[in-house]
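**Student:** Here's a structure for you.
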There are 2 protein chains.
Amino acid sequence: MTTRAGRQGNQNVSEIPLPALFTQAKDVTLAELHRRLDEEGFEGIRYSHGAVFRFIDAEGSRLTVLAGRSGLSKQALGEVVTELERHGYVERAPDPVDHRAKIIRLTERGKKAQVAATRILEDIEQRWAQHLGRDRIGGMRIVLEEVVRFEKARQGPSRC
Amino acid sequence: MTTRAGRQGNQNVSEIPLPALFTQAKDVTLAELHRRLDEEGFEGIRYSHGAVFRFIDAEGSRLTVLAGRSGLSKQALGEVVTELERHGYVERAPDPVDHRAKIIRLTERGKKAQVAATRILEDIEQRWAQHLGRDRIGGMRIVLEEVVRFEKARQGPSRC
DNA sequence: ACGGTATTGTCAAGTCACCTGACGAATCAC
DNA sequence: GTGATTCGTCAGGTGACTTGACAATACCGT
């Protein structure tokens, strides 16, 4: 039995809507990334943790800075940091200059996880390139970035 | 030529991770879709409602069928249906054959919203095509679909 | 006709990824 | 030095899901 719906009087059933297509692409990529991270011993890493791994500075960053860069609220990011701290990927150190602030820093384990995640994502992209064409995957990346930039420019101007 | 960064081992910031890229593409598309639906008088439509609009049959569908097609649990889908019912997009009618089941059917308003959503998404894609190249957008779509199929084939066999 | 099993949809409760509002502590601006 | 601002946390809420339990109904073999 086919899992396809296909009985709707409309012809283009195979035309999967754009948001669904993007979501599926994200989901399969993330599933593979997390599966392989887990495989390598980096357990408990979830989607939202990327906000830290992606934006943290080598010498550590303040929570507020991380929140700003990731676009999350500082409360949300604080929770993510607590979670990562519990798993041993980051640590909170008091800022010697500003006693209100704490500096969030990757532990050794955190740095290794960061490197592993980058490597796995590159590997996934390379495998796609091998099977579906290097120029086609590269083109997809570029067009996606342009699409995002284009739509943000269209929607953004209202934002102050 | 363009501002592209070669992968020379330099940790250039412009290499946005794939999951983030897909998520951003989804977000800007969905923002535009919902903004324009709202503009046309179709209010209260949210992301999860697509599970109904995408998979419902013209003559109506059972909740269980919709859940199966969308991949959601029937509880989750039931909640979505209740929400859409409250906004007047769908209605629950008892199945005359099977008294356990209820048939979920689009109202006139629901059908108009469905048509509008399809039209808006086509329009968004066409505008991208005009500004960024028809073949490039078409290519992105095809490659994305292949990527999803490829990854699902890779991940799928181990499941179940 | 009857008892066992499978199916339909709903209720309850929990998880994850966010959000806003309120707040004490520390720093900055004048 | 007093007031305003900034830093991170606590409390509580929402949206989009999940699993488990359940009554009502339908199906099936005897």
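By order in the structure tokens, chains are A, B, ...; within a chain, residues start at 1; ligands start at 1, following the order shown.
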Could you list the residues in chain A lying within 8 Å of chain B, using only C-alpha atoms, and format the result as a PyMOL selection string?
**Tutor:** chain A and resi 3-5+7-9+17-30+32+121+128+132+136-137+139-140+143-148+151-152+155
**Student:** Provide as a list of chain:residue names the residues of chain C at most 10 Å from chain A, counting only C-alpha atoms (C1' of nucleotides).
**Tutor:**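 The selection requested is C:DC16, C:DA17, C:DC18, C:DC19, C:DT20, C:DA25, C:DA26, C:DT27.
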**Student:** Computed after least-squares fitting of chain A to chain B on all C-alpha atoms in order, what is the RMSD in Å?
**Tutor:** 3.6 Å
**Student:** Write out as a PyMOL selection string all residues of chain A that DSSP puts in alpha helix (DSSP H) for this structure's backbone.
**Tutor:** chain A and resi 18-39+50-55+63-70+74-86+108-132+134-155
**Student:** Could you check the closest approach to DG20 (chain D) for each of C:DC28, C:DA12, C:DA22, C:DC2 and tell me which residue wins, using only C-alpha atoms (C1' of nucleotides)?
**Tutor:**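 Of C:DC28, C:DA12, C:DA22, C:DC2, the one nearest DG20 (chain D) is C:DA12, counting only C-alpha atoms (C1' of nucleotides).
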**Student:** For chain D against chain B, which residues fall within 7 Å using only C-alpha atoms (C1' of nucleotides), given as JSON, numbers by chain?
**Tutor:** {"D": [17, 24, 25]}
**Student:** Restrict the selected residues to C-alpha atoms (C1' of nucleotides) and save them as a PDB file, in the first residue's frame.
**Tutor:**
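To be explicit, this is the file written out as selection.pdb:
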ATOM      1  C1'  DC D  17       3.619  17.512  20.150  1.00  0.00           C
ATOM      2  C1'  DA D  24     -18.298   3.169  22.980  1.00  0.00           C
ATOM      3  C1'  DT D  25     -18.807   0.778  18.932  1.00  0.00           C
TER       4       DT D  25
END
**Student:** In Å, rounded to a single decimal, give me how far CA of Val52 (chain A) is from C1' of DG8 (chain D).
**Tutor:**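 Rounded to one decimal, the two atoms are 16.2 Å apart.
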**Student:** Counting only C-alpha atoms (C1' of nucleotides), which residue out of C:DT8, C:DC30, C:DG21, C:DA13 sits closest to DA23 (chain D)?
**Tutor:**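 For DA23 (chain D), the nearest of the candidates is C:DT8.
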**Student:** Quick one, how far is CA of Arg105 (chain B) from CA of Ser61 (chain B)?
**Tutor:** 6.6 Å
**Student:** Using backbone DSSP assignments, extract all strand (DSSP E) residues from chain B; output them as a list of chain:residue names.
**Tutor:**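 Listing strand (DSSP E) positions across chain B yields B:Ser61, B:Arg62, B:Val90, B:Glu91, B:Arg92, B:Ala93, B:Pro94, B:Lys102, B:Ile103, B:Ile104, B:Arg105, B:Leu106.
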**Student:** Would you save the residues from that selection as a PDB file, in the first residue's frame, using N, CA and C atoms?
**Tutor:**
ATOM      1  N   SER B  61     -12.628  13.351   5.849  1.00  0.00           N
ATOM      2  CA  SER B  61     -11.799  12.222   6.268  1.00  0.00           C
ATOM      3  C   SER B  61     -11.991  11.955   7.750  1.00  0.00           C
ATOM      4  N   ARG B  62     -11.718  10.730   8.118  1.00  0.00           N
ATOM      5  CA  ARG B  62     -11.732  10.401   9.540  1.00  0.00           C
ATOM      6  C   ARG B  62     -10.481  10.938  10.214  1.00  0.00           C
ATOM      7  N   VAL B  90     -13.398  23.756   9.783  1.00  0.00           N
ATOM      8  CA  VAL B  90     -13.849  22.373   9.590  1.00  0.00           C
ATOM      9  C   VAL B  90     -15.032  22.091  10.505  1.00  0.00           C
ATOM     10  N   GLU B  91     -15.730  20.968  10.246  1.00  0.00           N
ATOM     11  CA  GLU B  91     -16.803  20.523  11.130  1.00  0.00           C
ATOM     12  C   GLU B  91     -16.727  19.012  11.280  1.00  0.00           C
ATOM     13  N   ARG B  92     -17.173  18.539  12.453  1.00  0.00           N
ATOM     14  CA  ARG B  92     -17.217  17.104  12.700  1.00  0.00           C
ATOM     15  C   ARG B  92     -18.640  16.617  12.452  1.00  0.00           C
ATOM     16  N   ALA B  93     -18.775  15.632  11.610  1.00  0.00           N
ATOM     17  CA  ALA B  93     -20.090  15.026  11.388  1.00  0.00           C
ATOM     18  C   ALA B  93     -20.002  13.538  11.728  1.00  0.00           C
ATOM     19  N   PRO B  94     -21.044  12.983  12.363  1.00  0.00           N
ATOM     20  CA  PRO B  94     -21.013  11.549  12.692  1.00  0.00           C
ATOM     21  C   PRO B  94     -21.049  10.719  11.419  1.00  0.00           C
ATOM     22  N   LYS B 102     -16.196   9.822  13.394  1.00  0.00           N
ATOM     23  CA  LYS B 102     -16.743  11.101  12.953  1.00  0.00           C
ATOM     24  C   LYS B 102     -16.000  11.501  11.688  1.00  0.00           C
ATOM     25  N   ILE B 103     -16.726  12.136  10.785  1.00  0.00           N
ATOM     26  CA  ILE B 103     -16.090  12.576   9.546  1.00  0.00           C
ATOM     27  C   ILE B 103     -15.754  14.053   9.660  1.00  0.00           C
ATOM     28  N   ILE B 104     -14.493  14.351   9.419  1.00  0.00           N
ATOM     29  CA  ILE B 104     -14.042  15.741   9.475  1.00  0.00           C
ATOM     30  C   ILE B 104     -14.095  16.302   8.064  1.00  0.00           C
ATOM     31  N   ARG B 105     -14.842  17.405   7.919  1.00  0.00           N
ATOM     32  CA  ARG B 105     -15.070  17.970   6.607  1.00  0.00           C
ATOM     33  C   ARG B 105     -14.755  19.462   6.617  1.00  0.00           C
ATOM     34  N   LEU B 106     -14.180  19.953   5.524  1.00  0.00           N
ATOM     35  CA  LEU B 106     -13.926  21.385   5.401  1.00  0.00           C
ATOM     36  C   LEU B 106     -15.250  22.117   5.210  1.00  0.00           C
TER      37      LEU B 106
END
**Student:** In Å to one decimal, how far is CA of Arg86 (chain A) from C1' of DC23 (chain C)?
**Tutor:**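 Atom-to-atom, C1' of DC23 (chain C) to CA of Arg86 (chain A), that is 25.3 Å.
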**Student:** Write out as a short mmCIF file (atom, residue, chain, number, x, y, z; two decimals) with N, CA and C atoms (P, O5', C5', C4', C3', O3' and C1' of nucleotides), in the first residue's frame the residues lying within 12 Å of DT30 (chain D), counting only C-alpha atoms (C1' of nucleotides) and excluding same-chain residues fewer than 6 positions away.
**Tutor:**
data_model
loop_
_atom_site.label_atom_id
_atom_site.label_comp_id
_atom_site.auth_asym_id
_atom_site.auth_seq_id
_atom_site.Cartn_x
_atom_site.Cartn_y
_atom_site.Cartn_z
P DA C 1 -29.62 -13.43 17.36
"O5'" DA C 1 -29.30 -14.92 17.96
"C5'" DA C 1 -29.80 -15.34 19.23
"C4'" DA C 1 -28.63 -15.53 20.17
"C3'" DA C 1 -28.20 -14.25 20.90
"O3'" DA C 1 -28.00 -14.60 22.27
"C1'" DA C 1 -26.35 -15.14 19.69
P DC C 2 -27.20 -13.83 23.27
"O5'" DC C 2 -25.72 -14.32 22.97
"C5'" DC C 2 -25.28 -15.62 23.38
"C4'" DC C 2 -23.77 -15.60 23.58
"C3'" DC C 2 -23.27 -14.41 24.41
"O3'" DC C 2 -22.27 -14.88 25.30
"C1'" DC C 2 -22.24 -14.37 22.27
P DG C 3 -21.88 -14.04 26.60
"O5'" DG C 3 -20.30 -14.04 26.53
"C5'" DG C 3 -19.60 -15.27 26.40
"C4'" DG C 3 -18.31 -15.02 25.63
"C3'" DG C 3 -17.39 -13.98 26.28
"O3'" DG C 3 -16.07 -14.50 26.32
"C1'" DG C 3 -17.83 -13.41 24.01
P DG C 4 -14.89 -13.75 27.03
"O5'" DG C 4 -13.98 -13.35 25.79
"C5'" DG C 4 -13.45 -14.39 24.94
"C4'" DG C 4 -12.69 -13.77 23.78
"C3'" DG C 4 -11.66 -12.72 24.19
"O3'" DG C 4 -10.47 -12.90 23.42
"C1'" DG C 4 -13.20 -11.78 22.66
#
